[in-house]
>>> print(open('target-v5.cif').read())   # mmCIF, C-alpha atoms and all ligand atoms
data_run
loop_
_atom_site.label_atom_id
_atom_site.label_comp_id
_atom_site.auth_asym_id
_atom_site.auth_seq_id
_atom_site.Cartn_x
_atom_site.Cartn_y
_atom_site.Cartn_z
CA MET A 959 -7.03 -24.00 9.49
CA SER A 960 -7.74 -22.81 13.00
CA ALA A 961 -8.52 -19.33 14.20
CA VAL A 962 -5.62 -17.78 16.10
CA LEU A 963 -7.79 -14.91 17.16
CA LYS A 964 -11.53 -14.67 17.41
CA ALA A 965 -13.94 -11.99 18.53
CA VAL A 966 -17.59 -12.76 19.09
CA ASN A 967 -20.12 -9.93 19.24
CA LEU A 968 -17.53 -7.68 20.81
CA VAL A 969 -18.79 -4.41 22.27
CA ARG A 970 -17.04 -1.50 23.92
CA ILE A 971 -18.98 1.40 25.35
CA TYR A 972 -17.02 4.20 26.98
CA SER A 973 -19.15 5.53 29.79
CA GLY A 974 -16.85 8.03 31.49
CA GLY A 975 -18.37 11.18 29.99
CA ALA A 976 -21.82 12.74 30.04
CA LEU A 977 -23.05 10.43 27.28
CA PRO A 978 -21.90 6.84 26.79
CA VAL A 979 -19.84 6.41 23.62
CA PRO A 980 -20.39 3.11 21.81
CA ALA A 981 -16.96 2.80 20.17
CA VAL A 982 -17.26 -0.83 19.05
CA ARG A 983 -20.74 -2.21 18.43
CA GLY A 984 -20.89 -5.95 17.97
CA VAL A 985 -17.82 -7.05 16.05
CA ASP A 986 -17.40 -10.65 14.90
CA LEU A 987 -13.97 -11.48 13.57
CA GLU A 988 -11.95 -14.62 13.01
CA VAL A 989 -8.31 -14.47 12.04
CA GLU A 990 -6.72 -17.65 10.72
CA GLU A 991 -3.19 -18.70 11.44
CA GLY A 992 -0.76 -16.92 9.12
CA GLU A 993 -3.36 -14.49 7.89
CA PHE A 994 -2.60 -10.79 7.45
CA VAL A 995 -5.69 -8.67 8.09
CA ALA A 996 -5.73 -4.92 7.47
CA ILE A 997 -8.28 -2.78 9.28
CA MET A 998 -9.31 0.51 7.73
CA GLY A 999 -11.97 3.08 8.43
CA PRO A 1000 -12.48 6.76 9.17
CA SER A 1001 -11.12 8.46 12.25
CA GLY A 1002 -13.23 7.57 15.28
CA SER A 1003 -14.67 4.41 13.70
CA GLY A 1004 -13.30 2.27 16.54
CA LYS A 1005 -10.15 0.78 15.01
CA SER A 1006 -7.85 1.48 17.96
CA THR A 1007 -10.47 0.43 20.47
CA LEU A 1008 -10.94 -2.88 18.66
CA VAL A 1009 -7.27 -3.85 18.45
CA HIS A 1010 -6.62 -2.73 22.01
CA MET A 1011 -9.36 -5.07 23.19
CA LEU A 1012 -7.99 -7.89 21.04
CA GLY A 1013 -4.64 -7.41 22.73
CA GLY A 1014 -6.12 -7.18 26.22
CA LEU A 1015 -5.13 -3.55 26.63
CA ASP A 1016 -8.68 -2.33 27.00
CA THR A 1017 -11.58 -4.18 28.60
CA ARG A 1018 -14.61 -5.22 26.63
CA THR A 1019 -18.11 -4.19 27.66
CA SER A 1020 -19.54 -7.46 26.37
CA GLY A 1021 -18.68 -10.25 23.96
CA GLU A 1022 -15.91 -12.83 23.79
CA ILE A 1023 -12.26 -12.88 22.75
CA TRP A 1024 -10.44 -16.12 21.96
CA LEU A 1025 -6.69 -16.47 21.49
CA ASP A 1026 -5.15 -19.74 20.28
CA GLY A 1027 -8.36 -21.56 21.11
CA LYS A 1028 -8.53 -20.24 24.65
CA ARG A 1029 -11.10 -17.78 25.90
CA VAL A 1030 -9.16 -14.80 27.26
CA ASP A 1031 -11.65 -12.04 28.02
CA THR A 1032 -12.68 -13.81 31.23
CA LEU A 1033 -9.11 -14.24 32.47
CA SER A 1034 -7.87 -12.24 35.42
CA GLU A 1035 -5.79 -9.24 34.51
CA SER A 1036 -2.57 -10.92 35.62
CA ALA A 1037 -3.36 -14.15 33.80
CA TRP A 1038 -3.99 -12.27 30.62
CA ALA A 1039 -0.84 -10.21 31.08
CA MET A 1040 1.14 -13.45 31.29
CA LEU A 1041 -0.49 -14.85 28.18
CA ARG A 1042 0.04 -11.62 26.31
CA ARG A 1043 3.77 -11.68 26.94
CA GLU A 1044 4.02 -14.99 25.20
CA LYS A 1045 1.47 -14.65 22.47
CA VAL A 1046 0.85 -11.05 21.48
CA GLY A 1047 3.08 -8.41 19.93
CA PHE A 1048 1.68 -4.90 19.96
CA VAL A 1049 2.69 -1.74 18.09
CA PHE A 1050 0.84 1.32 19.31
CA GLN A 1051 -0.43 4.26 17.31
CA PHE A 1052 1.65 6.44 19.62
CA PHE A 1053 4.71 4.29 20.18
CA ASN A 1054 5.66 3.83 23.79
CA LEU A 1055 9.17 2.68 24.37
CA VAL A 1056 10.73 2.44 27.80
CA ALA A 1057 12.55 5.77 28.07
CA ASN A 1058 15.40 4.76 30.35
CA MET A 1059 16.38 1.64 28.43
CA THR A 1060 18.48 1.44 25.29
CA VAL A 1061 16.93 0.55 21.95
CA ALA A 1062 18.53 -2.90 22.19
CA ASP A 1063 17.08 -3.57 25.63
CA ASN A 1064 13.65 -2.31 24.59
CA VAL A 1065 13.62 -4.88 21.81
CA GLU A 1066 15.05 -7.74 23.85
CA LEU A 1067 12.89 -7.28 26.93
CA PRO A 1068 9.65 -8.80 25.61
CA ALA A 1069 11.51 -11.86 24.36
CA LEU A 1070 13.14 -12.32 27.75
CA LEU A 1071 9.82 -11.85 29.53
CA ALA A 1072 8.33 -14.49 27.25
CA GLY A 1073 10.98 -16.92 28.43
CA ILE A 1074 13.20 -16.97 25.34
CA SER A 1075 16.89 -17.61 26.16
CA PRO A 1076 19.12 -14.51 26.40
CA LYS A 1077 21.24 -15.74 23.52
CA GLU A 1078 18.26 -16.23 21.23
CA ALA A 1079 16.74 -12.92 22.34
CA ARG A 1080 19.94 -11.13 21.39
CA GLU A 1081 20.15 -12.80 18.01
CA ARG A 1082 16.57 -11.99 17.27
CA ARG A 1083 17.07 -8.38 18.34
CA GLU A 1084 20.10 -8.07 16.09
CA SER A 1085 18.34 -9.44 13.04
CA LEU A 1086 15.21 -7.32 13.57
CA LEU A 1087 17.16 -4.10 14.07
CA ALA A 1088 19.28 -4.88 11.03
CA ALA A 1089 16.19 -5.52 8.92
CA LEU A 1090 14.83 -2.13 9.94
CA ASN A 1091 18.11 -0.37 9.30
CA LEU A 1092 18.59 0.43 12.99
CA ALA A 1093 21.62 -1.66 13.86
CA ASP A 1094 23.76 1.41 14.55
CA ARG A 1095 21.15 2.85 16.93
CA ALA A 1096 21.09 -0.15 19.27
CA ASP A 1097 22.79 1.65 22.16
CA ALA A 1098 20.82 4.88 21.85
CA ALA A 1099 18.01 5.91 24.19
CA PRO A 1100 14.55 6.22 22.62
CA ALA A 1101 14.54 10.00 23.15
CA GLN A 1102 17.57 10.29 20.88
CA LEU A 1103 15.66 8.78 17.96
CA SER A 1104 13.39 10.40 15.42
CA GLY A 1105 9.69 9.56 15.46
CA GLY A 1106 10.13 7.23 12.51
CA GLU A 1107 13.04 5.43 14.17
CA GLN A 1108 11.09 5.00 17.41
CA GLN A 1109 8.20 3.55 15.46
CA ARG A 1110 10.51 1.01 13.81
CA VAL A 1111 11.98 0.07 17.20
CA ALA A 1112 8.43 -0.45 18.45
CA LEU A 1113 7.81 -2.83 15.56
CA ALA A 1114 11.02 -4.74 16.25
CA ARG A 1115 10.04 -5.01 19.91
CA ALA A 1116 6.59 -6.33 19.04
CA LEU A 1117 8.11 -9.07 16.91
CA ALA A 1118 10.83 -10.02 19.38
CA ASN A 1119 8.90 -12.77 21.16
CA LYS A 1120 7.66 -14.35 17.90
CA PRO A 1121 4.08 -13.70 18.93
CA SER A 1122 1.11 -15.81 17.83
CA VAL A 1123 -0.36 -12.58 16.57
CA LEU A 1124 1.11 -9.18 15.82
CA LEU A 1125 -1.38 -6.40 16.54
CA ALA A 1126 -0.44 -3.01 15.17
CA ASP A 1127 -2.14 0.34 15.24
CA GLU A 1128 -0.89 2.67 12.47
CA PRO A 1129 2.68 1.36 12.58
CA THR A 1130 3.78 3.56 9.69
CA GLY A 1131 2.12 6.77 10.81
CA ASN A 1132 5.41 8.56 11.40
CA LEU A 1133 7.45 7.12 8.59
CA ASP A 1134 8.71 8.74 5.43
CA SER A 1135 8.73 6.72 2.24
CA ARG A 1136 12.22 5.25 2.69
CA ASN A 1137 11.47 4.09 6.22
CA THR A 1138 8.09 2.80 5.14
CA ARG A 1139 9.93 0.66 2.60
CA ASP A 1140 11.99 -1.02 5.35
CA VAL A 1141 8.85 -1.66 7.38
CA LEU A 1142 7.03 -3.00 4.32
CA ARG A 1143 9.87 -5.36 3.57
CA LEU A 1144 10.01 -6.69 7.14
CA LEU A 1145 6.24 -7.11 7.34
CA GLY A 1146 6.24 -8.92 4.00
CA GLU A 1147 9.00 -11.22 5.24
CA VAL A 1148 7.51 -12.13 8.60
CA HIS A 1149 4.14 -12.63 6.95
CA LYS A 1150 5.74 -15.03 4.47
CA GLN A 1151 7.27 -16.88 7.42
CA GLY A 1152 3.76 -17.41 8.77
CA GLN A 1153 3.36 -14.49 11.18
CA THR A 1154 -0.31 -13.72 11.85
CA ILE A 1155 -0.90 -9.97 11.61
CA VAL A 1156 -3.82 -7.68 12.41
CA MET A 1157 -3.03 -4.13 11.49
CA VAL A 1158 -4.84 -0.83 11.54
CA THR A 1159 -3.52 1.44 8.82
CA HIS A 1160 -4.35 4.36 6.58
CA ASP A 1161 -1.35 3.58 4.40
CA ALA A 1162 -2.51 1.91 1.22
CA ARG A 1163 0.89 0.38 0.52
CA VAL A 1164 0.92 -1.32 3.91
CA ALA A 1165 -2.71 -2.40 3.64
CA SER A 1166 -2.10 -3.88 0.21
CA LEU A 1167 0.31 -6.41 1.73
CA ALA A 1168 -2.62 -7.91 3.61
CA ASP A 1169 -4.62 -10.93 2.48
CA ARG A 1170 -7.84 -9.47 3.71
CA LEU A 1171 -9.39 -6.09 4.43
CA VAL A 1172 -11.84 -5.33 7.22
CA SER A 1173 -13.57 -1.95 6.98
CA LEU A 1174 -14.94 -0.40 10.14
CA PHE A 1175 -17.53 2.33 10.22
CA ASP A 1176 -19.22 3.63 13.34
CA GLY A 1177 -17.94 0.75 15.42
CA GLN A 1178 -19.20 -1.96 13.08
CA ILE A 1179 -17.68 -4.06 10.33
CA VAL A 1180 -19.20 -2.90 7.06
CA ASP A 1181 -16.96 -4.93 4.76
CA ASP A 1182 -14.76 -7.99 5.17
CA GLY A 1183 -13.19 -9.58 2.14
CA ARG A 1184 -10.05 -10.65 0.38
CA ILE A 1185 -7.72 -8.34 -1.46
CA ALA A 1186 -7.46 -9.82 -4.93
CA ARG A 1187 -4.06 -10.36 -6.54
CA ARG A 1188 -3.63 -10.25 -10.26
CA ARG A 1189 -0.34 -11.11 -11.85
CA THR A 1190 0.87 -8.38 -14.12
CA GLY A 1191 3.80 -7.98 -16.43
CA THR A 1192 5.23 -4.51 -16.68
CA ALA A 1193 4.47 -1.11 -15.26
CA GLY A 1194 3.10 -0.12 -18.62
CA GLU A 1195 0.24 -2.56 -18.20
CA VAL A 1196 -0.67 -1.22 -14.80
CA ILE A 1197 -0.14 2.43 -15.50
CA ASP A 1198 -1.86 3.56 -18.61
CA LEU A 1199 0.42 6.11 -20.19
CA ARG A 1200 -1.73 6.85 -23.19
CA MET B 1312 1.61 8.55 -29.02
CA ARG B 1313 1.94 11.38 -31.58
CA PRO B 1314 3.86 13.87 -29.44
CA HIS B 1315 6.07 11.09 -28.03
CA LEU B 1316 7.25 10.19 -31.52
CA LEU B 1317 7.72 13.86 -32.41
CA ALA B 1318 9.91 14.30 -29.33
CA LEU B 1319 12.11 11.36 -30.30
CA LEU B 1320 12.41 12.67 -33.86
CA ALA B 1321 13.40 16.10 -32.52
CA LYS B 1322 16.61 14.47 -31.32
CA GLU B 1323 17.44 12.72 -34.60
CA PRO B 1324 15.76 11.27 -37.68
CA ALA B 1325 14.84 7.63 -37.28
CA HIS B 1326 12.94 4.80 -38.88
CA GLY B 1327 9.98 3.07 -37.28
CA TYR B 1328 11.83 0.27 -35.59
CA GLU B 1329 14.40 2.65 -34.11
CA LEU B 1330 11.55 4.66 -32.59
CA LYS B 1331 10.17 1.54 -30.97
CA GLN B 1332 13.57 0.78 -29.47
CA ALA B 1333 14.05 4.36 -28.31
CA LEU B 1334 10.69 4.31 -26.50
CA GLU B 1335 11.62 1.06 -24.79
CA GLN B 1336 15.02 2.39 -23.76
CA THR B 1337 13.75 5.71 -22.48
CA PHE B 1338 10.84 4.43 -20.43
CA GLY B 1339 12.14 1.02 -19.46
CA SER B 1340 9.35 -1.20 -18.23
CA ALA B 1341 7.15 1.84 -17.62
CA TYR B 1342 5.85 2.10 -21.18
CA PRO B 1343 3.28 -0.30 -22.55
CA SER B 1344 5.51 -2.13 -25.01
CA PRO B 1345 4.84 -0.18 -28.22
CA ASN B 1346 3.36 -2.06 -31.11
CA ILE B 1347 5.35 -1.57 -34.34
CA GLY B 1348 2.17 -1.48 -36.45
CA GLN B 1349 0.80 1.31 -34.28
CA ILE B 1350 4.04 3.26 -34.69
CA TYR B 1351 3.83 3.04 -38.50
CA VAL B 1352 0.17 4.07 -38.50
CA THR B 1353 0.98 7.07 -36.30
CA LEU B 1354 3.95 8.04 -38.48
CA GLY B 1355 1.68 7.86 -41.53
CA ARG B 1356 -0.79 10.27 -39.93
CA LEU B 1357 1.97 12.64 -38.82
CA GLU B 1358 3.28 12.64 -42.38
CA LYS B 1359 -0.16 13.35 -43.81
CA ASP B 1360 -0.52 16.30 -41.44
CA GLY B 1361 2.88 17.63 -42.49
CA LEU B 1362 4.50 17.21 -39.06
CA VAL B 1363 7.11 14.73 -40.27
CA ARG B 1364 8.52 13.86 -43.65
CA ALA B 1365 10.10 10.62 -44.82
CA VAL B 1366 13.06 9.91 -47.08
CA ASP B 1367 13.79 6.55 -48.61
CA VAL B 1368 17.20 5.25 -47.67
CA GLU B 1369 18.66 2.50 -49.80
CA GLN B 1370 19.98 -0.58 -48.07
CA SER B 1371 22.14 -3.28 -49.58
CA ASN B 1372 20.34 -6.64 -49.94
CA ARG B 1373 17.19 -5.23 -48.38
CA PRO B 1374 14.22 -3.11 -49.39
CA ASN B 1375 14.57 0.63 -48.84
CA LYS B 1376 13.73 1.88 -45.41
CA LYS B 1377 11.87 5.07 -44.65
CA VAL B 1378 13.67 7.46 -42.34
CA TYR B 1379 11.47 10.09 -40.76
CA TYR B 1380 12.46 13.58 -39.73
CA LEU B 1381 10.66 16.46 -38.04
CA THR B 1382 9.35 19.37 -40.14
CA ALA B 1383 9.14 22.99 -38.93
CA LYS B 1384 5.42 22.47 -38.41
CA GLY B 1385 6.20 19.32 -36.43
CA ARG B 1386 8.57 21.23 -34.17
CA GLU B 1387 5.89 23.86 -33.58
CA SER B 1388 3.38 21.21 -32.64
CA LEU B 1389 5.89 19.59 -30.30
CA THR B 1390 6.67 22.92 -28.63
CA ALA B 1391 2.98 23.56 -28.10
CA TRP B 1392 2.57 20.12 -26.52
CA VAL B 1393 5.50 20.69 -24.14
CA GLU B 1394 4.42 24.17 -23.16
CA GLU B 1395 0.69 23.78 -22.69
CA PRO B 1396 -0.45 22.99 -19.13
CA THR B 1397 -1.17 19.30 -18.58
CA GLU B 1398 -4.54 18.19 -17.24
CA GLY B 1399 -4.56 17.08 -13.60
CA PRO B 1400 -6.14 13.79 -12.53
CA ARG B 1401 -9.80 13.37 -13.34
CA VAL B 1402 -11.85 13.79 -10.20
CA ARG B 1403 -15.18 13.37 -11.96
CA ASP B 1404 -14.36 9.77 -12.63
CA GLU B 1405 -16.72 6.95 -13.42
CA PHE B 1406 -16.75 5.72 -9.84
CA PHE B 1407 -17.89 9.06 -8.50
CA MET B 1408 -20.78 9.08 -10.97
CA LYS B 1409 -21.81 5.61 -9.77
CA LEU B 1410 -21.57 6.72 -6.17
CA VAL B 1411 -23.70 9.80 -6.60
CA LEU B 1412 -26.29 8.03 -8.73
CA ALA B 1413 -26.36 4.80 -6.67
CA PRO B 1414 -29.41 5.63 -4.55
CA LEU B 1415 -31.42 6.19 -7.73
CA THR B 1416 -30.54 2.82 -9.19
CA GLY B 1417 -31.56 0.65 -6.26
CA ILE B 1418 -28.83 -1.76 -7.40
CA ALA B 1419 -26.23 -1.17 -4.72
CA ASP B 1420 -25.98 1.10 -1.72
CA ARG B 1421 -23.18 3.57 -1.32
CA MET B 1422 -21.55 1.75 1.57
CA ALA B 1423 -21.27 -1.41 -0.53
CA LEU B 1424 -19.92 0.52 -3.52
CA ILE B 1425 -17.30 2.27 -1.41
CA SER B 1426 -16.20 -0.95 0.27
CA ARG B 1427 -15.86 -2.76 -3.02
CA GLN B 1428 -13.94 0.12 -4.57
CA ARG B 1429 -11.60 0.28 -1.59
CA ARG B 1430 -10.66 -3.35 -2.01
CA HIS B 1431 -10.24 -2.82 -5.72
CA TYR B 1432 -7.82 0.06 -5.10
CA LEU B 1433 -5.87 -2.06 -2.63
CA SER B 1434 -5.53 -4.86 -5.12
CA LEU B 1435 -4.22 -2.35 -7.66
CA MET B 1436 -1.80 -1.18 -4.99
CA ALA B 1437 -0.70 -4.76 -4.38
CA ASP B 1438 0.10 -5.02 -8.10
CA LEU B 1439 2.12 -1.83 -7.95
CA ASN B 1440 4.02 -3.06 -4.89
CA ASP B 1441 4.76 -6.22 -6.73
CA LEU B 1442 5.92 -4.32 -9.77
CA LEU B 1443 8.12 -1.98 -7.79
CA SER B 1444 9.86 -4.91 -6.15
CA ARG B 1445 10.49 -6.44 -9.58
CA THR B 1446 11.70 -3.18 -11.14
CA ASP B 1447 15.44 -2.64 -11.38
CA PRO B 1448 16.21 0.20 -8.91
CA ARG B 1449 18.40 1.78 -11.61
CA ASP B 1450 15.36 2.13 -13.86
CA ARG B 1451 14.46 5.50 -12.35
CA VAL B 1452 11.84 6.39 -14.96
CA ALA B 1453 9.84 3.25 -14.27
CA GLY B 1454 10.36 3.60 -10.50
CA LEU B 1455 9.10 7.16 -10.41
CA LEU B 1456 6.12 6.34 -12.56
CA ILE B 1457 5.12 3.53 -10.21
CA GLU B 1458 5.59 5.73 -7.14
CA GLY B 1459 3.43 8.38 -8.80
CA ALA B 1460 0.69 5.85 -9.43
CA MET B 1461 0.92 4.75 -5.77
CA LEU B 1462 0.53 8.30 -4.50
CA HIS B 1463 -2.50 8.80 -6.75
CA LEU B 1464 -4.04 5.60 -5.40
CA GLN B 1465 -3.41 6.71 -1.82
CA ALA B 1466 -5.20 9.97 -2.60
CA ASP B 1467 -8.09 8.04 -4.16
CA LEU B 1468 -8.38 5.95 -1.00
CA ASP B 1469 -8.30 8.98 1.28
CA TRP B 1470 -10.97 10.57 -0.84
CA LEU B 1471 -13.07 7.39 -0.68
CA GLU B 1472 -12.97 7.69 3.09
CA ARG B 1473 -14.22 11.28 2.85
CA CYS B 1474 -17.06 10.10 0.61
CA GLN B 1475 -17.89 7.42 3.17
CA GLU B 1476 -17.98 9.90 6.03
CA ASP B 1477 -20.18 12.36 4.16
CA LEU B 1478 -22.41 10.29 1.90
CA ALA B 1479 -22.84 6.80 3.26
N1 LIG C 1501 -10.88 6.41 26.55
C1 LIG C 1501 -11.95 6.86 25.89
N2 LIG C 1501 -12.99 7.45 26.50
C2 LIG C 1501 -14.06 7.88 25.84
N3 LIG C 1501 -14.21 7.77 24.50
C3 LIG C 1501 -13.23 7.20 23.81
C4 LIG C 1501 -12.04 6.72 24.44
N4 LIG C 1501 -11.23 6.19 23.50
C5 LIG C 1501 -11.88 6.35 22.33
N5 LIG C 1501 -13.08 6.95 22.50
C6 LIG C 1501 -14.09 7.24 21.46
O1 LIG C 1501 -14.40 6.03 20.80
C7 LIG C 1501 -14.53 6.23 19.40
C8 LIG C 1501 -13.57 5.32 18.67
O2 LIG C 1501 -12.25 5.74 18.96
P1 LIG C 1501 -10.97 5.00 18.37
O3 LIG C 1501 -9.78 5.62 19.00
O4 LIG C 1501 -11.13 3.53 18.52
O5 LIG C 1501 -11.07 5.40 16.83
P2 LIG C 1501 -10.04 5.13 15.62
O6 LIG C 1501 -10.82 4.45 14.56
O7 LIG C 1501 -8.83 4.44 16.14
O8 LIG C 1501 -9.67 6.60 15.11
P3 LIG C 1501 -8.27 7.20 14.53
O9 LIG C 1501 -8.22 6.82 13.09
O10 LIG C 1501 -8.43 8.68 14.70
O11 LIG C 1501 -7.15 6.66 15.34
C9 LIG C 1501 -14.31 7.70 19.17
O12 LIG C 1501 -15.56 8.33 19.11
C10 LIG C 1501 -13.53 8.15 20.38
O13 LIG C 1501 -13.79 9.49 20.66
MG MG C 1502 -6.81 5.04 16.32
#
>>> encode(input="target-v5.cif", output="structure tokens")
Amino acid sequence: MSAVLKAVNLVRIYSGGALPVPAVRGVDLEVEEGEFVAIMGPSGSGKSTLVHMLGGLDTRTSGEIWLDGKRVDTLSESAWAMLRREKVGFVFQFFNLVANMTVADNVELPALLAGISPKEARERRESLLAALNLADRADAAPAQLSGGEQQRVALARALANKPSVLLADEPTGNLDSRNTRDVLRLLGEVHKQGQTIVMVTHDARVASLADRLVSLFDGQIVDDGRIARRRTGTAGEVIDLR
Amino acid sequence: MRPHLLALLAKEPAHGYELKQALEQTFGSAYPSPNIGQIYVTLGRLEKDGLVRAVDVEQSNRPNKKVYYLTAKGRESLTAWVEEPTEGPRVRDEFFMKLVLAPLTGIADRMALISRQRRHYLSLMADLNDLLSRTDPRDRVAGLLIEGAMLHLQADLDWLERCQEDLA
């Protein structure tokens, strides 16, 4: 197994304000191909900062980031932007869709930018939107969608270019339980197909799909281990009624 | 299991095996498959306490079977069970005791305890996810029970995070 994504002693200090804020303080992380890693931790523990750096959306203060065996933190901004188009899918905590494009175009664009043929991009868009129960919203503008629908479109868009790694920051933050179910199903499916996923979440149902949990606290990893699976029979064995 | 059997008998008299089947039908996969021996033991105790009574019913080619029915006292007890407020979830659970006492033991620090517990909760959640996907969507009783357990687990996890922020 090879690491798709690797961070070595990664540090991010925000120094805009009166006092520097060390948001991420020396994180080492290796994510294997096909692995699903959930990141949890209290508000302000550095989760967003970490995944933004991993996706090249925020610059590191020090440390290294490797993607598909290539060191990327030293690349020029434009070189990394190119690489990102092909290799990274990102779902933001506060979804940001392109306002003056339809849902369908929002989802197809990253695939087209990554060099996937228009025909394949359309097919992929159709299957992703269908999986997320959004097929009938394809021609709508993002502003016409609910928060939960926009968040699902953002997920579809992030998966459109079949990225080496899907990075997601609270992708179910705005979803009710029915919509969460669609997202859970899709995540479970793409994970089974080998999609590597790194996901920040407070949602225990989403996190429990992961193979591994990384807990952040004060900008550092305080726990990193597998989520055990037991095989159980019926609900009665899991839920003690007596 | 006592009040559960009383509730089933409030609908109609039944023998032990019928009660087992009724439990299975009502709760679907949500009830720990009831053990017939346990049902007979419970019925025996209920009879001794005067909450149910049994009549022998003759069967052709087979030994008599005992059919149980609810007594007036049994109905009273059942009513009291239905009407009394039900305890909420236990917050003073075993884990919280460990967490508070951890620094005294020198065995594990709070951060390690919290991290381990968080992964434990997530693996329970993974089991529930699994179960829910294997549960027939028409089995609403089982579905709701599983969803309830999931919401409790989510609350436990949120609370764990609060403990981490304040104690660790
Ligand atoms: N652009 C910024 N400038 C200065 N400080 C920042 C900036 N972005 C984040 N921070 C600080 O860095 C720390 C980590 O923030 P981050 O957003 O990574 O936390 P988080 O774990 O994602 O929290 P949440 O669960 O609330 O989303 C916080 O103390 C935050 O205030
Ligand atoms: Mg965040």
>>> interface_residues(input="target-v5.cif", of="chain B", to="chain A", cutoff="10 Å", atoms="all atoms listed in the file", output="PyMOL selection string")
chain B and resi 1312+1338-1345+1422-1423+1425-1427+1429-1446+1453-1454+1456-1462+1464-1469+1471-1473+1475-1476+1479
>>> residues_around(input="target-v5.cif", residues="region 1100-1116 of chain A", least_positions_apart="3", cutoff="7 Å", atoms="only C-alpha atoms", output="mmCIF file with C-alpha atoms, in the coordinates of the input")
data_model
loop_
_atom_site.group_PDB
_atom_site.id
_atom_site.type_symbol
_atom_site.label_atom_id
_atom_site.label_comp_id
_atom_site.auth_asym_id
_atom_site.auth_seq_id
_atom_site.Cartn_x
_atom_site.Cartn_y
_atom_site.Cartn_z
ATOM 1 C CA GLY A 1047 3.080 -8.410 19.930
ATOM 2 C CA PHE A 1048 1.680 -4.900 19.960
ATOM 3 C CA VAL A 1049 2.690 -1.740 18.090
ATOM 4 C CA PHE A 1053 4.710 4.290 20.180
ATOM 5 C CA LEU A 1055 9.170 2.680 24.370
ATOM 6 C CA ALA A 1057 12.550 5.770 28.070
ATOM 7 C CA THR A 1060 18.480 1.440 25.290
ATOM 8 C CA VAL A 1061 16.930 0.550 21.950
ATOM 9 C CA ASN A 1064 13.650 -2.310 24.590
ATOM 10 C CA VAL A 1065 13.620 -4.880 21.810
ATOM 11 C CA GLU A 1066 15.050 -7.740 23.850
ATOM 12 C CA PRO A 1068 9.650 -8.800 25.610
ATOM 13 C CA LEU A 1086 15.210 -7.320 13.570
ATOM 14 C CA LEU A 1087 17.160 -4.100 14.070
ATOM 15 C CA LEU A 1090 14.830 -2.130 9.940
ATOM 16 C CA LEU A 1124 1.110 -9.180 15.820
ATOM 17 C CA PRO A 1129 2.680 1.360 12.580
ATOM 18 C CA ASN A 1132 5.410 8.560 11.400
ATOM 19 C CA LEU A 1133 7.450 7.120 8.590
#
>>> residues_around(input="target-v5.cif", residues="Lys1322 (chain B)", least_positions_apart="4", cutoff="10 Å", atoms="all atoms listed in the file", output="MDAnalysis selection string")
chainID B and resid 1317:1318 1380:1381
>>> write_last_selection(input="target-v5.cif", atoms="C-alpha atoms", output="short mmCIF file (atom, residue, chain, number, x, y, z; two decimals), in the frame of the given file")
data_model
loop_
_atom_site.label_atom_id
_atom_site.label_comp_id
_atom_site.auth_asym_id
_atom_site.auth_seq_id
_atom_site.Cartn_x
_atom_site.Cartn_y
_atom_site.Cartn_z
CA LEU B 1317 7.72 13.86 -32.41
CA ALA B 1318 9.91 14.30 -29.33
CA TYR B 1380 12.46 13.58 -39.73
CA LEU B 1381 10.66 16.46 -38.04
#
>>> closest_atom_pairs(input="target-v5.cif", of="chain A", to="ligand MG 1502 (chain C)", cutoff="10 Å", atoms="only C-alpha atoms and all ligand atoms", output="CSV")
residue,atom,partner,partner_atom,distance
A:Gly999,CA,C:MG1502,MG,9.6
A:Pro1000,CA,C:MG1502,MG,9.3
A:Ser1001,CA,C:MG1502,MG,6.8
A:Gly1002,CA,C:MG1502,MG,7.0
A:Ser1003,CA,C:MG1502,MG,8.3
A:Gly1004,CA,C:MG1502,MG,7.1
A:Lys1005,CA,C:MG1502,MG,5.6
A:Ser1006,CA,C:MG1502,MG,4.1
A:Thr1007,CA,C:MG1502,MG,7.2
A:Leu1008,CA,C:MG1502,MG,9.2
A:Val1009,CA,C:MG1502,MG,9.2
A:His1010,CA,C:MG1502,MG,9.6
A:Phe1050,CA,C:MG1502,MG,9.0
A:Gln1051,CA,C:MG1502,MG,6.5
A:Phe1052,CA,C:MG1502,MG,9.2
A:Asp1127,CA,C:MG1502,MG,6.7
A:Glu1128,CA,C:MG1502,MG,7.4
A:Val1158,CA,C:MG1502,MG,7.8
A:Thr1159,CA,C:MG1502,MG,8.9
>>> write_last_selection(input="target-v5.cif", atoms="C-alpha atoms", output="CSV table (one decimal), in the coordinates of the input")
chain,number,residue,atom,x,y,z
A,999,GLY,CA,-12.0,3.1,8.4
A,1000,PRO,CA,-12.5,6.8,9.2
A,1001,SER,CA,-11.1,8.5,12.2
A,1002,GLY,CA,-13.2,7.6,15.3
A,1003,SER,CA,-14.7,4.4,13.7
A,1004,GLY,CA,-13.3,2.3,16.5
A,1005,LYS,CA,-10.2,0.8,15.0
A,1006,SER,CA,-7.8,1.5,18.0
A,1007,THR,CA,-10.5,0.4,20.5
A,1008,LEU,CA,-10.9,-2.9,18.7
A,1009,VAL,CA,-7.3,-3.8,18.4
A,1010,HIS,CA,-6.6,-2.7,22.0
A,1050,PHE,CA,0.8,1.3,19.3
A,1051,GLN,CA,-0.4,4.3,17.3
A,1052,PHE,CA,1.6,6.4,19.6
A,1127,ASP,CA,-2.1,0.3,15.2
A,1128,GLU,CA,-0.9,2.7,12.5
A,1158,VAL,CA,-4.8,-0.8,11.5
A,1159,THR,CA,-3.5,1.4,8.8
